[in-house]
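Student: Compact mmCIF, C-alpha atoms and all ligand atoms, saved as run_38.txt, coming up:
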```
# COMPACT_ATOMS: atom_id res chain seq x y z
CA ALA A 239 34.67 -5.35 -17.21
CA THR A 240 32.74 -4.69 -13.99
CA MET A 241 29.68 -2.49 -14.35
CA PRO A 242 29.94 1.10 -13.05
CA PRO A 243 28.10 1.41 -9.69
CA LEU A 244 25.31 3.64 -10.99
CA LEU A 245 24.57 1.27 -13.87
CA SER A 246 24.43 -1.77 -11.61
CA ALA A 247 22.16 0.26 -9.30
CA ILE A 248 19.84 0.81 -12.29
CA ALA A 249 19.85 -2.93 -12.94
CA ASN A 250 19.11 -3.59 -9.26
CA SER A 251 16.30 -1.04 -9.29
CA GLY A 252 14.83 -2.93 -12.23
CA ARG A 253 14.93 -6.10 -10.18
CA HIS A 254 13.01 -4.23 -7.44
CA GLY A 255 10.43 -3.26 -10.05
CA VAL A 256 11.50 0.34 -10.63
CA LEU A 257 12.45 1.67 -14.06
CA VAL A 258 15.07 4.42 -13.52
CA LYS A 259 15.40 6.39 -16.75
CA SER A 260 19.08 7.37 -16.59
CA ALA A 261 22.29 7.22 -14.57
CA VAL A 262 21.80 10.90 -13.70
CA VAL A 263 18.44 10.06 -12.14
CA MET A 264 19.95 7.09 -10.32
CA GLU A 265 22.46 9.48 -8.79
CA ARG A 266 19.92 12.18 -7.91
CA LEU A 267 17.70 9.72 -6.03
CA GLY A 268 20.34 9.43 -3.33
CA GLN A 269 20.50 13.21 -2.83
CA ILE A 270 16.88 13.74 -1.78
CA ASP A 271 16.11 15.02 1.73
CA THR A 272 12.35 15.70 1.42
CA VAL A 273 9.61 13.39 0.16
CA ALA A 274 6.17 14.54 -1.02
CA LEU A 275 3.57 11.86 -1.66
CA ASP A 276 0.34 12.25 -3.62
CA LYS A 277 -2.70 10.72 -1.95
CA THR A 278 -5.10 9.11 -4.42
CA GLY A 279 -3.44 6.25 -6.28
CA THR A 280 -0.07 6.78 -4.56
CA LEU A 281 -0.56 6.50 -0.80
CA THR A 282 -3.90 4.79 -1.41
CA GLU A 283 -4.68 1.89 -3.67
CA GLY A 284 -6.32 4.28 -6.12
CA ALA A 285 -9.32 2.02 -6.39
CA PRO A 286 -11.96 4.05 -4.57
CA HIS A 287 -15.53 2.84 -4.49
CA VAL A 288 -18.81 4.71 -4.28
CA THR A 289 -20.19 4.52 -0.76
CA ASP A 290 -22.97 7.12 -0.84
CA ILE A 291 -25.41 8.38 -3.46
CA ARG A 292 -27.29 11.49 -2.35
CA PRO A 293 -29.65 13.18 -4.81
CA LEU A 294 -30.61 16.67 -3.59
CA PRO A 295 -34.29 16.80 -2.55
CA ASP A 296 -35.14 19.39 -5.23
CA SER A 297 -33.46 17.48 -8.05
CA GLY A 298 -36.30 15.01 -8.55
CA LEU A 299 -33.67 12.35 -9.27
CA THR A 300 -33.55 8.85 -7.82
CA GLU A 301 -30.22 7.46 -6.56
CA HIS A 302 -29.93 5.37 -9.71
CA GLN A 303 -30.69 8.32 -12.01
CA LEU A 304 -28.06 10.45 -10.25
CA LEU A 305 -25.45 7.69 -10.49
CA ALA A 306 -26.23 6.97 -14.16
CA LEU A 307 -25.92 10.66 -15.05
CA ALA A 308 -22.57 10.99 -13.28
CA ALA A 309 -21.28 7.74 -14.80
CA ALA A 310 -22.19 8.84 -18.32
CA ALA A 311 -20.18 12.06 -17.87
CA GLU A 312 -17.24 10.26 -16.18
CA HIS A 313 -17.07 7.42 -18.70
CA PRO A 314 -14.27 8.94 -20.87
CA SER A 315 -12.15 9.95 -17.83
CA GLU A 316 -9.14 7.92 -16.65
CA HIS A 317 -9.32 9.36 -13.10
CA PRO A 318 -9.70 6.75 -10.31
CA LEU A 319 -12.82 8.53 -9.02
CA ALA A 320 -14.31 8.37 -12.52
CA ARG A 321 -13.64 4.64 -12.76
CA ALA A 322 -15.31 4.13 -9.38
CA VAL A 323 -18.44 5.99 -10.50
CA VAL A 324 -18.66 4.01 -13.76
CA ASP A 325 -18.11 0.71 -11.92
CA ALA A 326 -20.86 1.54 -9.41
CA ALA A 327 -23.30 2.18 -12.28
CA ARG A 328 -22.26 -1.07 -14.00
CA GLU A 329 -22.71 -3.09 -10.80
CA ARG A 330 -26.27 -1.84 -10.68
CA ARG A 331 -26.68 -2.61 -14.39
CA LEU A 332 -27.69 0.97 -15.16
CA PRO A 333 -27.79 1.88 -18.85
CA LEU A 334 -25.36 4.72 -19.56
CA ALA A 335 -26.19 7.48 -22.03
CA THR A 336 -23.43 8.45 -24.47
CA ALA A 337 -21.58 11.61 -23.49
CA THR A 338 -20.33 14.12 -26.06
CA GLY A 339 -18.02 17.11 -25.75
CA PHE A 340 -16.13 15.63 -22.82
CA THR A 341 -13.57 17.85 -21.09
CA SER A 342 -11.64 17.25 -17.88
CA THR A 343 -9.83 19.70 -15.63
CA PRO A 344 -7.11 17.99 -13.57
CA GLY A 345 -7.71 18.36 -9.84
CA VAL A 346 -11.22 19.71 -10.43
CA GLY A 347 -13.46 17.33 -12.37
CA VAL A 348 -15.19 16.61 -15.67
CA THR A 349 -17.87 18.11 -17.91
CA ALA A 350 -19.81 16.48 -20.76
CA THR A 351 -23.08 16.75 -22.61
CA VAL A 352 -25.48 13.94 -21.69
CA ASP A 353 -28.98 13.75 -23.21
CA GLY A 354 -28.77 17.42 -24.19
CA ARG A 355 -27.75 18.62 -20.73
CA THR A 356 -24.36 19.80 -19.53
CA VAL A 357 -23.34 17.45 -16.74
CA THR A 358 -20.39 18.22 -14.47
CA VAL A 359 -18.88 16.03 -11.75
CA HIS A 360 -16.40 18.00 -9.70
CA ALA A 361 -14.83 18.86 -6.36
CA PRO A 362 -17.29 20.53 -3.96
CA ASP A 363 -17.73 24.27 -4.22
CA ARG A 364 -17.33 25.46 -0.61
CA ASP A 365 -19.65 28.43 -1.21
CA CYS A 366 -22.61 26.41 -2.48
CA PRO A 367 -25.29 26.24 0.28
CA ALA A 368 -27.31 23.51 -1.53
CA THR A 369 -24.50 20.98 -1.08
CA THR A 370 -22.89 22.14 2.20
CA ASP A 371 -24.67 19.64 4.46
CA PRO A 372 -24.23 16.40 2.51
CA VAL A 373 -20.64 17.36 1.62
CA SER A 374 -19.53 18.09 5.20
CA GLU A 375 -21.33 15.03 6.51
CA LEU A 376 -19.50 12.78 4.03
CA GLU A 377 -16.13 14.47 4.55
CA ASP A 378 -16.45 14.20 8.34
CA ALA A 379 -16.81 10.46 7.76
CA GLY A 380 -13.47 10.51 5.89
CA ARG A 381 -15.03 10.24 2.44
CA THR A 382 -14.21 12.12 -0.73
CA ALA A 383 -17.32 14.02 -1.84
CA VAL A 384 -17.97 15.00 -5.45
CA VAL A 385 -20.85 17.16 -6.66
CA VAL A 386 -22.97 16.33 -9.72
CA ALA A 387 -24.59 19.29 -11.50
CA THR A 388 -26.75 19.62 -14.60
CA ASP A 389 -26.69 22.87 -16.58
CA GLY A 390 -24.81 24.50 -13.71
CA ALA A 391 -27.25 23.56 -10.91
CA PRO A 392 -26.20 20.94 -8.32
CA VAL A 393 -28.42 17.83 -8.34
CA GLY A 394 -26.58 15.53 -5.97
CA VAL A 395 -23.47 14.44 -4.10
CA LEU A 396 -21.54 11.18 -4.31
CA GLY A 397 -19.33 9.85 -1.50
CA LEU A 398 -16.26 7.74 -2.29
CA ALA A 399 -13.76 5.88 -0.13
CA ASP A 400 -10.31 4.53 -0.88
CA ARG A 401 -7.97 2.25 1.08
CA LEU A 402 -4.42 2.94 2.21
CA ARG A 403 -1.92 0.72 0.40
CA PRO A 404 -0.86 -2.22 2.59
CA ASP A 405 2.79 -1.03 2.46
CA ALA A 406 2.02 2.68 3.02
CA ALA A 407 2.91 2.88 6.73
CA ALA A 408 6.10 0.81 6.33
CA THR A 409 7.15 3.00 3.38
CA VAL A 410 6.57 6.19 5.36
CA GLN A 411 8.69 4.77 8.20
CA ALA A 412 11.50 3.74 5.86
CA LEU A 413 11.54 7.13 4.11
CA THR A 414 11.56 8.91 7.47
CA ALA A 415 14.56 6.84 8.54
CA LEU A 416 16.41 7.56 5.27
CA THR A 417 15.81 11.32 5.09
CA GLY A 418 15.42 12.16 8.78
CA ALA A 419 12.01 13.77 8.11
CA ALA A 420 8.54 12.34 7.63
CA PRO A 421 7.11 12.55 4.10
CA ILE A 422 4.51 15.24 3.36
CA LEU A 423 1.12 14.50 1.83
CA LEU A 424 0.10 16.60 -1.19
CA THR A 425 -3.48 16.19 -2.35
CA GLY A 426 -6.28 17.78 -4.30
CA ASP A 427 -8.74 16.09 -1.99
CA ASN A 428 -10.41 17.72 1.02
CA PRO A 429 -8.40 18.29 4.25
CA ARG A 430 -10.59 16.07 6.42
CA ALA A 431 -10.33 12.94 4.29
CA ALA A 432 -6.63 13.66 3.73
CA ARG A 433 -5.78 14.11 7.41
CA ARG A 434 -7.59 10.90 8.39
CA LEU A 435 -5.57 8.94 5.85
CA ALA A 436 -2.28 10.66 6.68
CA GLU A 437 -2.64 9.74 10.34
CA ASP A 438 -3.15 6.09 9.46
CA ALA A 439 0.03 6.20 7.36
CA GLY A 440 2.13 8.00 10.01
CA ILE A 441 2.30 11.29 8.10
CA GLY A 442 2.00 14.53 10.08
CA GLU A 443 2.16 17.28 7.48
CA VAL A 444 -0.73 17.51 5.02
CA ARG A 445 -1.34 20.02 2.25
CA ALA A 446 -4.87 19.51 0.92
CA ALA A 447 -7.28 21.02 -1.63
CA LEU A 448 -4.34 21.71 -3.95
CA LEU A 449 -4.67 22.24 -7.68
CA PRO A 450 -1.95 20.70 -9.85
CA GLN A 451 -0.09 24.04 -10.03
CA ASP A 452 -0.33 24.37 -6.21
CA LYS A 453 1.41 21.02 -5.80
CA ALA A 454 4.19 22.26 -8.09
CA ALA A 455 4.38 25.58 -6.22
CA ALA A 456 4.88 23.76 -2.90
CA VAL A 457 7.71 21.73 -4.41
CA LYS A 458 9.36 24.82 -5.94
CA GLU A 459 9.14 26.63 -2.59
CA TRP A 460 11.03 23.79 -0.88
CA GLU A 461 13.55 23.57 -3.70
CA ARG A 462 14.20 27.33 -3.41
CA ALA A 463 14.82 26.80 0.30
CA GLY A 464 17.63 24.43 -0.70
CA ARG A 465 15.79 21.16 -0.18
CA LYS A 466 16.00 18.29 -2.65
CA VAL A 467 12.50 17.00 -3.11
CA LEU A 468 11.37 13.58 -4.26
CA VAL A 469 7.76 13.61 -5.52
CA VAL A 470 5.82 10.37 -5.92
CA GLY A 471 2.56 10.60 -7.87
CA ASP A 472 0.37 8.93 -10.44
CA GLY A 473 -2.02 11.42 -11.96
CA VAL A 474 -2.15 14.04 -14.70
CA ASN A 475 -2.63 16.36 -11.71
CA ASP A 476 0.82 15.36 -10.39
CA ALA A 477 2.73 16.09 -13.61
CA PRO A 478 3.67 19.72 -12.75
CA ALA A 479 4.96 18.65 -9.32
CA LEU A 480 6.85 15.69 -10.80
CA ALA A 481 8.48 18.11 -13.26
CA ALA A 482 9.36 20.66 -10.54
CA ALA A 483 10.90 18.08 -8.22
CA HIS A 484 14.58 17.23 -7.88
CA THR A 485 13.44 13.70 -8.72
CA GLY A 486 9.96 12.46 -9.69
CA ILE A 487 8.69 8.89 -9.47
CA ALA A 488 5.41 7.80 -11.05
CA MET A 489 3.25 4.86 -10.07
CA GLY A 490 3.28 2.82 -13.26
CA ARG A 491 0.42 0.36 -13.08
CA ALA A 492 -2.46 2.82 -12.96
CA GLY A 493 -0.49 6.00 -13.60
CA SER A 494 -1.49 8.42 -16.33
CA ASP A 495 0.66 8.59 -19.48
CA LEU A 496 1.61 12.18 -18.67
CA ALA A 497 2.88 11.24 -15.20
CA LEU A 498 4.89 8.33 -16.64
CA GLU A 499 6.49 10.56 -19.27
CA THR A 500 7.21 13.43 -16.88
CA ALA A 501 8.68 11.33 -14.07
CA ASP A 502 12.37 10.42 -13.85
CA ALA A 503 11.57 6.89 -12.73
CA VAL A 504 8.54 4.61 -12.91
CA ILE A 505 7.39 2.01 -10.38
CA VAL A 506 6.52 -0.91 -12.63
CA ARG A 507 5.67 -3.35 -9.86
CA ASP A 508 2.78 -1.83 -7.96
CA GLU A 509 4.56 -1.44 -4.61
CA LEU A 510 5.20 1.84 -2.82
CA ALA A 511 7.91 0.19 -0.68
CA THR A 512 10.17 0.17 -3.75
CA VAL A 513 10.68 3.95 -3.26
CA PRO A 514 12.90 3.74 -0.15
CA ALA A 515 14.58 0.71 -1.72
CA VAL A 516 15.80 2.68 -4.77
CA VAL A 517 16.85 5.67 -2.63
CA ALA A 518 18.99 3.29 -0.59
CA LEU A 519 20.41 1.71 -3.78
CA SER A 520 21.39 5.15 -5.03
CA ARG A 521 23.10 6.06 -1.77
CA ARG A 522 25.08 2.84 -1.87
CA ALA A 523 26.09 3.36 -5.52
CA ARG A 524 27.11 6.98 -4.85
CA SER A 525 29.37 5.86 -2.03
CA LEU A 526 31.19 3.63 -4.55
CA VAL A 527 31.59 6.28 -7.25
CA VAL A 528 35.03 7.87 -7.07
P1 LIG A 601 -5.30 13.60 -5.55
O1 LIG A 601 -4.34 14.74 -5.43
O2 LIG A 601 -5.71 13.09 -4.21
O3 LIG A 601 -4.74 12.49 -6.43
P2 LIG A 601 -6.90 14.91 -7.64
O4 LIG A 601 -6.04 16.14 -7.74
O5 LIG A 601 -6.83 13.96 -8.78
O6 LIG A 601 -6.66 14.15 -6.24
O7 LIG A 601 -8.39 15.37 -7.48
C1 LIG A 601 -8.72 16.35 -6.52
C2 LIG A 601 -10.20 16.48 -6.36
O8 LIG A 601 -10.74 16.94 -7.62
C3 LIG A 601 -10.92 15.17 -6.09
O9 LIG A 601 -10.96 14.87 -4.71
C4 LIG A 601 -12.29 15.47 -6.67
O10 LIG A 601 -13.03 16.24 -5.76
C5 LIG A 601 -11.98 16.34 -7.88
N1 LIG A 601 -11.86 15.54 -9.12
C6 LIG A 601 -10.77 15.37 -9.90
N2 LIG A 601 -11.04 14.60 -10.97
C7 LIG A 601 -12.34 14.25 -10.86
C8 LIG A 601 -13.24 13.42 -11.64
N3 LIG A 601 -12.86 12.81 -12.76
N4 LIG A 601 -14.51 13.30 -11.20
C9 LIG A 601 -14.91 13.90 -10.07
N5 LIG A 601 -14.13 14.68 -9.30
C10 LIG A 601 -12.87 14.86 -9.68
MG MG A 602 -3.24 10.69 -7.56
```
Please go through the file and, once you have read it, give me the structure as structure tokens.
Tutor:
Amino acid sequence: ATMPPLLSAIANSGRHGVLVKSAVVMERLGQIDTVALDKTGTLTEGAPHVTDIRPLPDSGLTEHQLLALAAAAEHPSEHPLARAVVDAARERRLPLATATGFTSTPGVGVTATVDGRTVTVHAPDRDCPATTDPVSELEDAGRTAVVVATDGAPVGVLGLADRLRPDAAATVQALTALTGAAPILLTGDNPRAARRLAEDAGIGEVRAALLPQDKAAAVKEWERAGRKVLVVGDGVNDAPALAAAHTGIAMGRAGSDLALETADAVIVRDELATVPAVVALSRRARSLVV
């Protein structure tokens, strides 16, 4: 017997490196008219590196002390920014204290107890005068800034930079051609870093500084307006949006377990360009289904 079109499309998607979880999903992929892409780890390689280490003058900390403190708190986290901070400390051969009582808040940051102090590494608080200058300076340079605080008081700022995936611009073009509209960038990162990156990828519309529930709210708003939204993301912070979407695709290689479980399809080969490929496969299969 010949294979039904949707099943052979699933097999073809597998050959492209995309695991589509069901025939229903394979069919839905071809219906989408709006694409929302996460930034860190989806549009970018998700391998940011620490570019700047800025202890606040009053903190009494050296650059190495600040980095070691942040790395100790970030050590249990699976977030790409956390991995970058830990790697930067390792490269400098800094000894890391053991953190206890680790908690992470998706889209915000982490907290842990290090050497008897509560250490947090988190997104900048826009109303904190002590960190305004280093944060805006770094963000103007297109960096992601995170603030390190001990026992609630800021002690320094770290700057991080990430690269666009090599196939990001081509993927944006292909998705624009397929849906008739450019993809939209959804990110928890700051608007300045996000806009810089979006421009390089050919994306015009950017929604930045979003918490995980804000990403989901944006998707639901479009769905209510009758649009069929495809969300592509990798993080725990993308799970609510992946769940709210008409179809959700997770980046598999570095994606969080929650994103992989929540998504309808998983990119196993680490290429963003597989997204327009599977949408096209779905359209073709749907045209054969009678
Ligand atoms: P994106 O939507 O671009 O993938 P996230 O939602 O994961 O970004 O994170 C949004 C922001 O929250 C980051 O830019 C950072 O400021 C902060 N943040 C999240 N997780 C961490 C972490 N583990 N350490 C430091 N900052 C974090
Ligand atoms: Mg991400």
Student: Using only C-alpha atoms and all ligand atoms, which residue out of A:Glu283, A:Asp427, A:Asp353, A:Asp405 lies closest to ligand LIG 601 (chain A)?
Tutor: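 The answer is A:Asp427, which sits nearest to ligand LIG 601 (chain A).
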Student: Point out the residue among A:Leu332, A:Val386, A:Leu319, A:Leu376 with the least atom-to-atom distance to ligand MG 602 (chain A), counting all atoms listed in the file.
Tutor: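 Between A:Leu332, A:Val386, A:Leu319, A:Leu376, the residue approaching ligand MG 602 (chain A) most closely is A:Leu319.
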Student: Just checking: using all atoms listed in the file, which residue out of A:Ala515, A:Ala419, A:Val385, A:Leu435 ends up closest to ligand LIG 601 (chain A)?
Tutor: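 Of all the options, A:Val385 lies closest to ligand LIG 601 (chain A).
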Student: Please, which residues have at least one atom within 9 Å of an atom of ligand LIG 601 (chain A), using only C-alpha atoms and all ligand atoms, listed as a count of residues only?
Tutor: 54
Student: Restricting the calculation to only C-alpha atoms and all ligand atoms: of A:Leu281, A:Val393, A:Leu307, A:Val352, which residue gets closest to ligand MG 602 (chain A)?
Tutor: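 For ligand MG 602 (chain A), the nearest of the given residues is A:Leu281.
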Student: If we count all atoms listed in the file and set the cut-off at 9 Å, which residues sit around A:Arg522, ignoring sequence neighbours fewer than 6 positions away in its own chain? Please answer as a list in words.
Tutor: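 Near A:Arg522, the qualifying residues are Pro243, Ala247 and Gly268 of chain A.
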Student: Using only C-alpha atoms, which of the listed residues (A:Ala399, A:Ala431, A:Val256, A:Leu275) sits closest to A:Leu498?
Tutor: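 Closest to A:Leu498, using only C-alpha atoms: A:Val256.
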Student: Under the rule that only C-alpha atoms and all ligand atoms are counted, which of A:Gly397, A:Ala337, A:Pro286, A:Ala415 is the nearest residue to ligand MG 602 (chain A)?
Tutor: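 So, comparing all the options, the nearest one is A:Pro286.
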Student: Can you work out the spacing between atom CA of A:Val470 and atom CA of A:Asp290 in Å, to one decimal?
Tutor: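 Interatomic distance, atom CA of A:Val470 to atom CA of A:Asp290: 29.4 Å.
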Student: For the point (3.7, 6.9, -13.2) in file coordinates, what residues are within 9 Å, counting only C-alpha atoms? Give the answer as a PDB file with C-alpha atoms, keeping the file's coordinate frame?
Tutor:
```
ATOM      1  CA  VAL A 470       5.820  10.370  -5.920  1.00  0.00           C
ATOM      2  CA  GLY A 471       2.560  10.600  -7.870  1.00  0.00           C
ATOM      3  CA  ASP A 472       0.370   8.930 -10.440  1.00  0.00           C
ATOM      4  CA  GLY A 473      -2.020  11.420 -11.960  1.00  0.00           C
ATOM      5  CA  ILE A 487       8.690   8.890  -9.470  1.00  0.00           C
ATOM      6  CA  ALA A 488       5.410   7.800 -11.050  1.00  0.00           C
ATOM      7  CA  MET A 489       3.250   4.860 -10.070  1.00  0.00           C
ATOM      8  CA  GLY A 490       3.280   2.820 -13.260  1.00  0.00           C
ATOM      9  CA  ARG A 491       0.420   0.360 -13.080  1.00  0.00           C
ATOM     10  CA  ALA A 492      -2.460   2.820 -12.960  1.00  0.00           C
ATOM     11  CA  GLY A 493      -0.490   6.000 -13.600  1.00  0.00           C
ATOM     12  CA  SER A 494      -1.490   8.420 -16.330  1.00  0.00           C
ATOM     13  CA  ASP A 495       0.660   8.590 -19.480  1.00  0.00           C
ATOM     14  CA  LEU A 496       1.610  12.180 -18.670  1.00  0.00           C
ATOM     15  CA  ALA A 497       2.880  11.240 -15.200  1.00  0.00           C
ATOM     16  CA  LEU A 498       4.890   8.330 -16.640  1.00  0.00           C
ATOM     17  CA  GLU A 499       6.490  10.560 -19.270  1.00  0.00           C
ATOM     18  CA  THR A 500       7.210  13.430 -16.880  1.00  0.00           C
ATOM     19  CA  ALA A 501       8.680  11.330 -14.070  1.00  0.00           C
ATOM     20  CA  ALA A 503      11.570   6.890 -12.730  1.00  0.00           C
ATOM     21  CA  VAL A 504       8.540   4.610 -12.910  1.00  0.00           C
ATOM     22  CA  ILE A 505       7.390   2.010 -10.380  1.00  0.00           C
ATOM     23  CA  VAL A 506       6.520  -0.910 -12.630  1.00  0.00           C
TER      24      VAL A 506
END
```
Student: What's around A:Val469 at 7 Å? Count all atoms listed in the file, leave out sequence neighbours fewer than 4 positions away in its own chain, and write the answer as a list in words.
Tutor: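 Those residues are Val273, Ala274, Leu275, Ala479, Leu480, Ala483, Thr485, Gly486 and Ile487 of chain A.
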Student: Please list as a list of chain:residue names every residue within 10 Å of A:Arg521, counting all atoms listed in the file and excluding residues in the same chain fewer than 3 positions away.
Tutor: A:Leu244, A:Ala247, A:Met264, A:Glu265, A:Arg266, A:Leu267, A:Gly268, A:Gln269, A:Ile270, A:Leu416, A:Val516, A:Val517, A:Ala518, A:Arg524, A:Ser525, A:Leu526
Student: A:Ser260: which residues within 9 Å, counting all atoms listed in the file, same-chain residues fewer than 6 positions away excluded, as a PyMOL selection string?
Tutor: chain A and resi 245+248+502-503
Student: What is the atom CA of A:Val357 to atom CA of A:Ala310 distance in Å?
Tutor: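 So the two atoms, atom CA of A:Val357 and atom CA of A:Ala310, lie 8.8 Å apart.
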Student: How many Å separate atom CA of A:Ala523 from atom CA of A:Trp460?
Tutor: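 Computing it gives 25.8 Å between the two atoms.
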Student: Is it possible to get the axis-aligned box enclosing stretch 290-299 of chain A (all listed atoms, 5 Å extra per side) as lines of an AutoDock Vina configuration file, with centre and edge lengths in Å rounded to one decimal?
Tutor:
```
center_x = -29.6
center_y = 13.3
center_z = -5.1
size_x = 23.3
size_y = 22.3
size_z = 18.4
```
Student: Within 6 Å of (-20.8, 8.5, -3.3), in the coordinates the file gives, what residues turn up when you count all atoms listed in the file, written out as a PyMOL selection string?
Tutor: chain A and resi 288-291+396-398
